[in-house]
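Chemist: Contents of data_0.txt (compact mmCIF, C-alpha atoms):
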```txt
# COMPACT_ATOMS: atom_id res chain seq x y z
CA MET D 82 -26.12 -13.17 49.29
CA ASN D 83 -26.20 -15.45 46.28
CA TYR D 84 -22.76 -14.88 44.76
CA TRP D 85 -23.42 -16.80 41.53
CA SER D 86 -26.55 -14.80 40.69
CA ALA D 87 -24.61 -11.57 41.35
CA ILE D 88 -21.95 -12.78 38.91
CA GLU D 89 -24.61 -13.81 36.40
CA ILE D 90 -26.25 -10.37 36.51
CA LYS D 91 -22.89 -8.70 35.94
CA LEU D 92 -22.01 -11.03 33.06
CA LYS D 93 -25.37 -10.58 31.31
CA ASP D 94 -24.54 -7.33 29.48
CA GLN D 95 -21.16 -8.20 28.03
CA ILE D 96 -20.82 -4.92 26.10
CA ALA D 97 -21.05 -2.84 29.29
CA LEU D 98 -18.76 -5.27 31.13
CA ALA D 99 -16.13 -5.44 28.37
CA SER D 100 -16.15 -1.64 28.06
CA GLN D 101 -15.66 -1.33 31.82
CA LEU D 102 -12.70 -3.74 31.70
CA LEU D 103 -11.28 -1.89 28.69
CA LEU D 104 -11.43 1.26 30.81
CA PHE D 105 -9.48 -0.54 33.62
CA MET D 106 -6.88 -1.71 31.13
CA LEU D 107 -6.64 1.79 29.60
CA GLY D 108 -6.22 3.34 33.03
CA SER D 109 -3.28 1.11 33.95
CA TYR D 110 -1.67 1.37 30.49
CA VAL D 111 -1.97 5.16 30.27
CA PHE D 112 -0.69 5.50 33.85
CA ILE D 113 2.44 3.49 32.97
CA LEU D 114 3.08 5.64 29.87
CA ALA D 115 2.14 8.91 31.60
CA GLU D 116 5.73 10.06 32.12
CA GLU D 117 6.50 10.10 28.40
CA HIS D 118 5.66 13.35 26.56
CA LYS D 119 4.28 14.63 29.84
CA LEU D 120 3.87 18.29 28.90
CA TRP D 121 0.92 17.64 26.59
CA LYS D 122 -0.43 14.89 28.82
CA ILE D 123 -0.55 17.20 31.85
CA LEU D 124 -2.72 19.64 29.89
CA VAL D 125 -5.03 16.93 28.52
CA LEU D 126 -5.38 15.19 31.88
CA PHE D 127 -5.97 18.38 33.85
CA PHE D 128 -8.66 19.78 31.56
CA GLY D 129 -10.04 16.28 30.93
CA LEU D 130 -10.49 15.70 34.67
CA ILE D 131 -12.19 19.09 35.10
CA ALA D 132 -14.58 18.32 32.21
CA TRP D 133 -15.30 14.83 33.58
CA LEU D 134 -15.92 16.05 37.12
CA PHE D 135 -18.31 18.85 36.23
CA PHE D 136 -19.94 17.90 32.95
CA ARG D 137 -19.99 14.11 32.60
CA ASN D 138 -23.73 13.87 33.34
CA LYS D 139 -24.62 17.02 31.42
CA THR D 140 -23.16 16.13 28.05
CA LYS D 141 -23.71 13.35 25.54
CA HIS D 142 -19.97 13.20 24.84
CA PRO D 143 -18.02 10.29 26.44
CA ILE D 144 -15.48 12.56 28.16
CA ILE D 145 -13.39 9.84 29.82
CA TRP D 146 -13.00 7.87 26.57
CA ILE D 147 -12.11 11.00 24.59
CA VAL D 148 -9.45 11.93 27.18
CA PHE D 149 -7.92 8.43 26.94
CA PHE D 150 -8.06 8.58 23.15
CA VAL D 151 -6.21 11.91 23.08
CA LEU D 152 -3.58 10.54 25.51
CA LEU D 153 -3.04 7.49 23.29
CA THR D 154 -2.83 9.72 20.20
CA ILE D 155 -0.10 11.86 21.83
CA ASP D 156 2.04 8.72 22.26
CA LEU D 157 1.29 7.71 18.70
CA PHE D 158 2.26 11.14 17.38
CA TYR D 159 5.60 11.31 19.19
CA SER D 160 6.54 7.62 19.25
CA TYR D 161 4.80 6.01 16.28
CA PHE D 162 7.66 3.57 15.69
CA TRP D 163 8.33 2.87 19.38
CA VAL D 164 4.92 2.07 20.87
CA ALA D 165 3.85 -1.56 21.16
CA ASN D 166 1.59 -3.08 18.52
CA HIS D 167 -1.28 -3.39 20.98
CA HIS D 168 -1.13 0.40 21.43
CA PHE D 169 -2.56 0.57 17.91
CA MET D 170 -5.20 -2.01 18.79
CA LEU D 171 -6.10 -0.01 21.88
CA VAL D 172 -6.55 3.11 19.73
CA PHE D 173 -8.85 1.24 17.33
CA MET D 174 -10.92 -0.25 20.17
CA VAL D 175 -11.29 3.07 21.98
CA LEU D 176 -12.31 4.72 18.71
CA SER D 177 -14.98 2.03 18.22
CA VAL D 178 -16.32 2.57 21.76
CA ILE D 179 -16.42 6.37 21.28
CA LEU D 180 -18.40 5.93 18.05
CA PHE D 181 -20.70 3.46 19.84
CA SER D 182 -21.56 6.07 22.45
CA TYR D 183 -23.00 8.19 19.63
CA HIS D 184 -24.66 5.62 17.33
CA LYS D 185 -25.75 3.25 20.16
CA GLN D 186 -26.00 0.25 17.82
CA SER D 187 -24.42 -2.78 19.46
CA ASP D 188 -24.26 -4.77 16.20
CA ILE D 189 -21.99 -2.09 14.69
CA LEU D 190 -19.68 -2.10 17.73
CA LEU D 191 -19.51 -5.92 17.68
CA LYS D 192 -18.74 -5.92 13.94
CA ASN D 193 -15.92 -3.40 14.59
CA ILE D 194 -14.44 -5.58 17.34
CA GLN D 195 -14.85 -8.81 15.33
CA LEU D 196 -13.12 -7.37 12.26
CA LEU D 197 -10.34 -5.78 14.33
CA LEU D 198 -9.62 -9.14 15.93
CA VAL D 199 -9.56 -10.88 12.54
CA ILE D 200 -7.26 -8.19 11.08
CA VAL D 201 -4.83 -8.46 14.02
CA LEU D 202 -4.66 -12.26 13.72
CA LEU D 203 -4.39 -12.31 9.93
CA ALA D 204 -1.73 -9.57 9.95
CA SER D 205 0.23 -11.63 12.47
CA VAL D 206 -0.09 -14.72 10.24
CA MET D 207 0.99 -12.75 7.17
CA GLN D 208 4.03 -11.34 8.98
CA LYS D 209 5.05 -14.84 10.05
CA ILE D 210 4.59 -16.42 6.62
CA THR D 211 6.64 -13.69 4.93
CA SER D 212 9.46 -13.97 7.50
CA LYS D 213 12.00 -16.63 6.47
CA GLN D 214 13.56 -16.37 9.92
CA PHE D 215 10.25 -17.34 11.51
CA MET D 216 9.15 -20.12 9.16
CA SER D 217 12.56 -21.82 9.29
CA GLY D 218 12.29 -21.99 13.08
CA ASP D 219 15.43 -19.83 13.44
CA PHE D 220 13.60 -17.11 15.37
CA TYR D 221 12.16 -19.48 18.00
CA TYR D 222 15.51 -21.31 18.18
CA HIS D 223 17.31 -18.02 18.91
CA ALA D 224 14.72 -16.75 21.41
CA ILE D 225 14.42 -20.04 23.34
CA ASN D 226 18.20 -20.59 23.47
CA LEU D 227 18.61 -17.13 25.03
CA GLY D 228 15.87 -17.79 27.61
CA GLY D 229 13.50 -15.23 26.07
CA LEU D 230 10.53 -17.61 25.73
CA PHE D 231 8.98 -20.31 27.97
CA LYS D 232 10.58 -18.83 31.08
CA PHE D 233 8.53 -21.09 33.39
CA PHE D 234 10.26 -24.15 31.83
CA PHE D 235 13.61 -22.78 32.94
CA THR D 236 12.48 -22.73 36.56
CA ILE D 237 11.77 -26.49 36.31
CA PHE D 238 15.04 -27.29 34.48
CA PRO D 239 17.85 -25.27 36.11
CA GLU D 240 20.51 -26.89 33.87
CA SER D 241 18.72 -25.42 30.82
CA LEU D 242 18.72 -22.03 32.52
CA GLU D 243 22.51 -22.29 32.92
CA ILE D 244 22.89 -23.00 29.18
CA ALA D 245 20.64 -20.02 28.33
CA LYS D 246 22.73 -17.78 30.57
CA SER D 247 25.94 -19.02 28.94
CA ASN D 248 24.45 -18.31 25.46
CA SER D 249 23.50 -14.79 26.56
CA GLU D 250 27.00 -14.17 27.90
CA SER D 251 28.55 -15.35 24.61
CA LEU D 252 26.32 -12.91 22.75
CA THR D 253 27.22 -10.02 25.06
CA THR D 254 30.92 -10.76 24.53
CA LEU D 255 30.38 -10.91 20.76
CA LYS D 256 28.59 -7.55 20.81
CA GLU D 257 31.64 -5.89 22.36
CA LEU D 258 33.91 -7.06 19.53
CA ASN D 259 34.46 -5.48 16.12
CA PRO D 260 31.92 -7.29 13.89
CA ASN D 261 34.35 -7.03 10.93
CA LEU D 262 36.83 -9.31 12.69
CA THR D 263 34.57 -11.83 14.41
CA GLU D 264 33.09 -14.68 12.41
CA HIS D 265 30.54 -16.47 14.57
CA ILE D 266 29.63 -18.23 17.80
CA VAL D 267 27.73 -21.50 18.24
CA LEU D 268 24.64 -21.45 20.46
CA LYS D 269 24.19 -24.43 22.76
CA ASP D 270 20.73 -26.03 22.76
CA VAL D 271 18.82 -25.54 26.02
CA PHE D 272 16.72 -28.61 25.19
CA PRO D 273 17.49 -31.62 22.94
CA ASN D 274 16.17 -31.45 19.34
CA LEU D 275 15.45 -27.72 19.71
CA SER D 276 15.98 -27.13 15.99
CA PHE D 277 13.18 -29.56 15.06
CA VAL D 278 10.91 -28.40 17.90
CA SER D 279 11.35 -24.74 16.84
CA ARG D 280 10.37 -25.48 13.24
CA VAL D 281 7.30 -27.50 14.26
CA PHE D 282 6.28 -24.86 16.80
CA ALA D 283 6.59 -22.12 14.15
CA TRP D 284 4.29 -23.96 11.74
CA LEU D 285 1.82 -24.85 14.50
CA THR D 286 1.67 -21.19 15.57
CA VAL D 287 0.83 -20.03 12.05
CA ILE D 288 -1.77 -22.76 11.45
CA PHE D 289 -3.47 -22.22 14.80
CA GLU D 290 -3.57 -18.41 14.49
CA PHE D 291 -5.03 -18.75 10.99
CA LEU D 292 -7.71 -21.21 12.19
CA VAL D 293 -8.71 -18.88 15.03
CA ALA D 294 -8.91 -15.91 12.62
CA VAL D 295 -11.15 -17.85 10.21
CA ALA D 296 -13.35 -19.09 13.09
CA ILE D 297 -13.83 -15.55 14.44
CA LEU D 298 -14.65 -14.26 10.96
CA TRP D 299 -17.03 -17.10 10.17
CA LYS D 300 -18.69 -17.92 13.50
CA PRO D 301 -17.85 -15.16 15.99
CA LYS D 302 -20.41 -16.21 18.61
CA LYS D 303 -19.94 -20.02 18.57
CA ILE D 304 -18.65 -21.70 21.74
CA GLY D 305 -16.06 -23.64 19.72
CA THR D 306 -14.60 -20.41 18.33
CA HIS D 307 -14.18 -18.98 21.81
CA ILE D 308 -12.67 -22.20 23.16
CA ILE D 309 -9.91 -22.23 20.52
CA PHE D 310 -9.41 -18.47 20.96
CA ILE D 311 -8.97 -18.93 24.73
CA ILE D 312 -6.49 -21.77 24.06
CA LEU D 313 -4.54 -19.31 21.88
CA LEU D 314 -4.58 -16.72 24.69
CA PHE D 315 -3.17 -19.25 27.17
CA GLY D 316 -0.63 -20.31 24.53
CA ILE D 317 0.61 -16.71 24.22
CA LEU D 318 0.76 -16.31 28.00
CA PHE D 319 2.74 -19.54 28.46
CA THR D 320 5.16 -18.55 25.68
CA ARG D 321 5.71 -15.08 27.11
CA LEU D 322 3.79 -12.96 29.64
CA GLU D 323 2.44 -10.52 27.06
CA THR D 324 -0.32 -9.48 29.46
CA GLY D 325 -1.04 -6.13 27.78
CA PHE D 326 -1.72 -7.67 24.39
CA VAL D 327 -3.56 -10.71 25.80
CA SER D 328 -5.86 -8.56 27.96
CA LEU D 329 -6.95 -6.64 24.84
CA LEU D 330 -7.53 -9.86 22.91
CA ALA D 331 -9.55 -11.25 25.83
CA ILE D 332 -11.63 -8.05 26.08
CA SER D 333 -12.38 -8.41 22.35
CA GLY D 334 -13.36 -12.06 22.96
CA LEU D 335 -15.65 -10.98 25.81
CA TYR D 336 -17.43 -8.46 23.57
CA LEU D 337 -18.28 -11.26 21.12
CA CYS D 338 -19.06 -14.07 23.59
CA LYS D 339 -22.59 -15.23 24.50
CA ASN D 340 -21.80 -18.15 26.79
CA ILE D 341 -21.87 -17.22 30.46
CA LYS D 342 -19.11 -19.62 31.62
CA LEU D 343 -16.75 -18.50 28.85
CA LYS D 344 -17.57 -14.88 29.65
CA LEU D 345 -16.50 -15.56 33.22
CA LEU D 346 -13.28 -17.18 31.99
CA TYR D 347 -12.56 -14.12 29.81
CA VAL D 348 -13.15 -11.83 32.81
CA LEU D 349 -10.73 -13.88 34.94
CA ILE D 350 -8.07 -13.75 32.19
CA ILE D 351 -8.54 -9.98 31.80
CA LEU D 352 -8.42 -9.27 35.53
CA GLY D 353 -5.40 -11.56 35.92
CA CYS D 354 -3.58 -9.74 33.10
CA ILE D 355 -4.46 -6.28 34.45
CA THR D 356 -3.21 -7.33 37.89
CA LEU D 357 0.09 -8.50 36.38
CA ILE D 358 0.39 -5.26 34.36
CA ILE D 359 -0.16 -3.06 37.43
CA THR D 360 2.36 -5.05 39.51
CA LYS D 361 4.75 -5.00 36.48
CA PHE D 362 5.07 -8.80 36.68
CA GLY D 363 3.80 -8.97 33.10
CA TYR D 364 4.43 -6.68 30.15
CA HIS D 365 2.18 -3.66 29.68
CA MET M 22 -29.64 5.43 1.22
CA ILE M 23 -27.79 7.88 3.47
CA LYS M 24 -28.57 5.67 6.47
CA VAL M 25 -27.15 2.58 4.72
CA LYS M 26 -24.04 4.52 3.72
CA LYS M 27 -23.59 5.83 7.26
CA GLU M 28 -23.98 2.34 8.71
CA PHE M 29 -21.46 0.96 6.23
CA ILE M 30 -18.90 3.61 7.21
CA LEU M 31 -19.49 2.98 10.93
CA LYS M 32 -19.14 -0.80 10.48
CA TYR M 33 -16.05 -0.83 8.31
CA GLY M 34 -14.40 2.57 8.97
CA VAL M 35 -12.29 1.62 11.99
CA PRO M 36 -11.31 -1.85 10.62
CA SER M 37 -10.33 -0.17 7.32
CA LEU M 38 -8.08 2.20 9.25
CA ALA M 39 -6.44 -0.84 10.87
CA VAL M 40 -5.88 -2.42 7.44
CA ILE M 41 -4.28 0.82 6.16
CA ILE M 42 -1.90 0.97 9.16
CA VAL M 43 -0.90 -2.70 8.63
CA ALA M 44 -0.39 -2.10 4.88
CA ILE M 45 1.81 0.95 5.54
CA GLN M 46 3.88 -1.05 8.05
CA LEU M 47 4.33 -3.92 5.59
CA CYS M 48 5.50 -1.45 2.90
CA LEU M 49 7.98 0.08 5.35
CA VAL M 50 9.23 -3.40 6.28
CA HIS M 51 9.83 -4.33 2.64
CA PHE M 52 11.03 -1.01 1.21
CA GLN M 53 12.49 0.91 4.17
CA ASP M 54 13.96 -1.96 6.21
CA LEU M 55 11.71 -1.32 9.24
CA SER M 56 11.83 -4.05 11.88
CA ARG M 57 8.68 -6.18 11.88
CA TRP M 58 8.44 -5.64 15.62
CA LYS M 59 7.20 -2.05 15.34
CA GLY M 60 4.90 0.21 13.36
CA GLY M 61 1.51 -1.38 14.09
CA GLY M 62 1.77 -4.32 11.70
CA PHE M 63 1.48 -6.98 14.46
CA GLY M 64 4.74 -8.60 13.41
CA MET M 65 6.20 -8.99 16.90
CA TYR M 66 7.97 -12.31 17.53
CA THR M 67 8.44 -12.98 13.81
CA GLU M 68 12.12 -12.09 13.52
CA ILE M 69 15.09 -11.48 15.83
CA HIS M 70 14.53 -8.25 17.79
CA TYR M 71 16.26 -5.11 16.47
CA PHE M 72 17.89 -4.79 19.91
CA TYR M 73 20.41 -7.40 18.68
CA ASN M 74 21.47 -5.22 15.72
CA GLN M 75 24.94 -3.75 16.19
CA ILE M 76 26.17 -0.30 15.18
CA HIS M 77 29.90 -0.07 14.54
CA VAL M 78 31.63 3.28 14.12
CA SER M 79 35.24 2.88 13.06
CA GLY M 80 37.62 4.18 15.72
CA MET M 81 34.84 5.22 18.10
CA SER M 82 32.84 3.69 20.91
CA VAL M 83 29.07 3.81 20.37
CA ASP M 84 28.53 3.74 24.15
CA SER M 85 30.55 6.92 24.63
CA LEU M 86 28.81 8.57 21.67
CA ILE M 87 25.32 8.07 23.12
CA LYS M 88 26.31 8.85 26.70
CA ASP M 89 24.59 12.08 27.82
CA ASP M 90 23.46 12.80 24.25
CA PRO M 91 19.70 12.21 23.79
CA SER M 92 19.80 13.34 20.17
CA MET M 93 22.53 10.80 19.30
CA ARG M 94 20.69 8.08 21.24
CA SER M 95 17.49 8.79 19.34
CA THR M 96 19.21 8.92 15.91
CA LEU M 97 21.15 5.70 16.48
CA GLY M 98 17.99 4.14 17.93
CA TYR M 99 16.15 4.81 14.68
CA LEU M 100 19.10 3.33 12.79
CA MET M 101 18.81 0.10 14.82
CA LEU M 102 15.06 -0.02 14.14
CA MET M 103 15.23 0.93 10.46
CA PRO M 104 18.76 0.57 9.02
CA ASN M 105 17.99 2.17 5.65
CA ASP M 106 20.13 4.64 3.63
CA LYS M 107 18.31 7.71 4.95
CA ASN M 108 18.80 6.79 8.62
CA ILE M 109 22.44 5.71 8.24
CA LYS M 110 23.27 9.00 6.47
CA LYS M 111 21.50 10.98 9.20
CA ALA M 112 23.44 9.06 11.86
CA ALA M 113 26.79 9.54 10.07
CA GLU M 114 26.14 13.30 9.69
CA LEU M 115 25.35 13.63 13.38
CA VAL M 116 28.48 11.67 14.35
CA LEU M 117 30.59 13.95 12.12
CA LYS M 118 29.05 17.11 13.59
CA THR M 119 29.41 15.88 17.18
CA THR M 120 32.96 14.53 16.96
CA HIS M 121 34.40 17.21 14.58
CA LYS M 122 36.26 14.49 12.64
CA ASP M 123 37.08 14.74 8.94
CA SER M 124 35.31 11.49 8.02
CA VAL M 125 33.29 8.69 9.53
CA TYR M 126 32.85 5.02 8.60
CA LEU M 127 29.60 3.69 10.05
CA GLN M 128 28.18 0.20 9.72
CA ILE M 129 25.10 -1.60 11.00
CA TRP M 130 25.12 -5.37 11.40
CA LYS M 131 22.17 -7.72 11.77
CA PRO M 132 22.31 -11.11 13.50
CA ILE M 133 21.37 -14.33 11.75
CA VAL M 134 21.13 -17.76 13.30
CA ASN M 135 21.03 -21.20 11.73
CA SER M 136 18.91 -23.54 13.82
CA GLU M 137 20.40 -26.60 12.04
CA ASN M 138 23.87 -26.10 13.56
CA GLY M 139 23.40 -23.31 16.13
CA LEU M 140 25.66 -20.96 14.17
CA TYR M 141 25.10 -17.32 15.16
CA LYS M 142 26.78 -14.60 13.15
CA LYS M 143 26.32 -11.03 12.04
CA VAL M 144 25.83 -9.86 8.48
CA LEU M 145 26.36 -6.34 7.22
CA ALA M 146 22.98 -4.64 6.75
CA ASN M 147 24.21 -1.20 5.66
CA GLU M 148 27.31 1.01 5.73
CA ILE M 149 28.40 4.53 4.88
CA HIS M 150 31.70 6.34 4.51
CA LEU M 151 30.98 10.05 4.86
CA LYS M 152 33.50 12.90 4.62
CA LYS M 153 33.06 16.33 6.14
CA SER M 154 33.44 17.87 2.68
CA GLU M 155 30.28 15.98 1.57
CA LEU M 156 28.09 17.60 4.22
```
Please express the file's structure as structure tokens.
Modeler:
Amino acid sequence: MNYWSAIEIKLKDQIALASQLLLFMLGSYVFILAEEHKLWKILVLFFGLIAWLFFRNKTKHPIIWIVFFVLLTIDLFYSYFWVANHHFMLVFMVLSVILFSYHKQSDILLKNIQLLLVIVLLASVMQKITSKQFMSGDFYYHAINLGGLFKFFFTIFPESLEIAKSNSESLTTLKELNPNLTEHIVLKDVFPNLSFVSRVFAWLTVIFEFLVAVAILWKPKKIGTHIIFIILLFGILFTRLETGFVSLLAISGLYLCKNIKLKLLYVLIILGCITLIITKFGYH
Amino acid sequence: MIKVKKEFILKYGVPSLAVIIVAIQLCLVHFQDLSRWKGGGFGMYTEIHYFYNQIHVSGMSVDSLIKDDPSMRSTLGYLMLMPNDKNIKKAAELVLKTTHKDSVYLQIWKPIVNSENGLYKKVLANEIHLKKSEL
């Protein structure tokens, strides 16, 4: 068996492949959230499974996608302010795929995905620019000093991990006190020059996200666009294992990509993220 | 003409919905004190998480208030996420009803950090002094 040609055949139709991977991601995500608001979900799942089992080949309606969409909408209805941001992205992507199953025009689906990706990135840039806490580097400084970001660094530098733990303990102690009586604590830096590094990192994040958004808007199929987008995905994963969000971004990238090697890289990122979500090593 | 219109709606309908959701979230952030982390505006990791906000009820322990009381946990949770006047009043009313006290003094504090000197302190985000007679 020629393994590479089997891979090539699978990678050829990226719309079918990306939709299949989106379905994997949806399955694991919905399964994790299944316990919340379960009364409605039991009804939707039960009747959805019956409809899928008996009528999936006899109807033009994409039963499985509609069932997932309804399940996501239930969470949105009951927990609009509590669900993760990528829950919204998932809803938009599933809606686009459902519409695609009726209009069958791939250019419309790809335009939907391209614009969604641009909106997500530009919204993220706008939120950062309008947040003084982010642009001053204070947010990164706080998060890194408490060990919330770059966790893999802390495994290499155990002394930094000790400082992060001590900062967290100080904060826990502070939280137990009456805030009217307590003035402040001083966080210890887990790395030298963290204040400067945090500020530079904040600006770099904004600039890079903006560049990627413009590239996807301007040249969504170019190899260069996908290379910088993949660098951004790895950047997010190294900063924090946001596997749920990154898998959706990578699926969007796969929809738009034409290069076979980059398509394969996207698939590996997506499968890696889904594996980490299922094993709860990463965030869903 | 109808075909062009239909195609336009299909191409830009879903992205427009996304823009509307982001715009609503941004309005809530600026006018209702919603945390940037939630609400579909993709503002995660742009400010300190609302988990670090602190609710202080004078003369009472928040931990004992929320223990075995899902309604109190939910109401105070919303106050952490969105410490605006409406949510703090709702929380104070629930505390009064639950504890049968004559008045309640409730505050919510937000953390700020200065990366120049490492100083971490809490600033008052909102407060309410509610009497039973005002209910």
Chemist: Residues of chain M no more than 8 Å from chain D, counting all atoms listed in the file: send them over as number ranges by chain.
Modeler: M: 28, 31-33, 35-36, 39-40, 43, 57-69, 75, 77, 130, 134-143
Chemist: Could you turn the residues from that selection into a file that holds C-alpha atoms, as an mmCIF file, in the coordinates of the input?
Modeler:
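Wrote it out as again_35.cif, contents follow:
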```
data_model
loop_
_atom_site.group_PDB
_atom_site.id
_atom_site.type_symbol
_atom_site.label_atom_id
_atom_site.label_comp_id
_atom_site.auth_asym_id
_atom_site.auth_seq_id
_atom_site.Cartn_x
_atom_site.Cartn_y
_atom_site.Cartn_z
ATOM 1 C CA GLU M 28 -23.980 2.340 8.710
ATOM 2 C CA LEU M 31 -19.490 2.980 10.930
ATOM 3 C CA LYS M 32 -19.140 -0.800 10.480
ATOM 4 C CA TYR M 33 -16.050 -0.830 8.310
ATOM 5 C CA VAL M 35 -12.290 1.620 11.990
ATOM 6 C CA PRO M 36 -11.310 -1.850 10.620
ATOM 7 C CA ALA M 39 -6.440 -0.840 10.870
ATOM 8 C CA VAL M 40 -5.880 -2.420 7.440
ATOM 9 C CA VAL M 43 -0.900 -2.700 8.630
ATOM 10 C CA ARG M 57 8.680 -6.180 11.880
ATOM 11 C CA TRP M 58 8.440 -5.640 15.620
ATOM 12 C CA LYS M 59 7.200 -2.050 15.340
ATOM 13 C CA GLY M 60 4.900 0.210 13.360
ATOM 14 C CA GLY M 61 1.510 -1.380 14.090
ATOM 15 C CA GLY M 62 1.770 -4.320 11.700
ATOM 16 C CA PHE M 63 1.480 -6.980 14.460
ATOM 17 C CA GLY M 64 4.740 -8.600 13.410
ATOM 18 C CA MET M 65 6.200 -8.990 16.900
ATOM 19 C CA TYR M 66 7.970 -12.310 17.530
ATOM 20 C CA THR M 67 8.440 -12.980 13.810
ATOM 21 C CA GLU M 68 12.120 -12.090 13.520
ATOM 22 C CA ILE M 69 15.090 -11.480 15.830
ATOM 23 C CA GLN M 75 24.940 -3.750 16.190
ATOM 24 C CA HIS M 77 29.900 -0.070 14.540
ATOM 25 C CA TRP M 130 25.120 -5.370 11.400
ATOM 26 C CA VAL M 134 21.130 -17.760 13.300
ATOM 27 C CA ASN M 135 21.030 -21.200 11.730
ATOM 28 C CA SER M 136 18.910 -23.540 13.820
ATOM 29 C CA GLU M 137 20.400 -26.600 12.040
ATOM 30 C CA ASN M 138 23.870 -26.100 13.560
ATOM 31 C CA GLY M 139 23.400 -23.310 16.130
ATOM 32 C CA LEU M 140 25.660 -20.960 14.170
ATOM 33 C CA TYR M 141 25.100 -17.320 15.160
ATOM 34 C CA LYS M 142 26.780 -14.600 13.150
ATOM 35 C CA LYS M 143 26.320 -11.030 12.040
#
```
Chemist: Can you work out which one of D:Ile90, D:Val111, D:Met106, D:Leu98 has the shortest atom-to-atom distance to Cys338 of chain D, counting only C-alpha atoms?
Modeler: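 With only C-alpha atoms as the atom set, the closest residue is D:Leu98.
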Chemist: Show me as a count of residues only the residues that reach within 9 Å of (-24.2, -11.7, 29.7), counting only C-alpha atoms and using the file's own coordinates.
Modeler: 14
Chemist: Mind listing as a ChimeraX atom specification all residues within 12 Å of (10.2, 0.2, 5.0), counting all atoms listed in the file?
Modeler: /D:162 /M:44-57,59-60,62,102-108
Chemist: Interatomic distance between atom CA of Leu314 of chain D and atom CA of Val327 of chain D?
Modeler: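 Computing the Euclidean distance for atom CA of Leu314 of chain D and atom CA of Val327 of chain D yields 6.2 Å.
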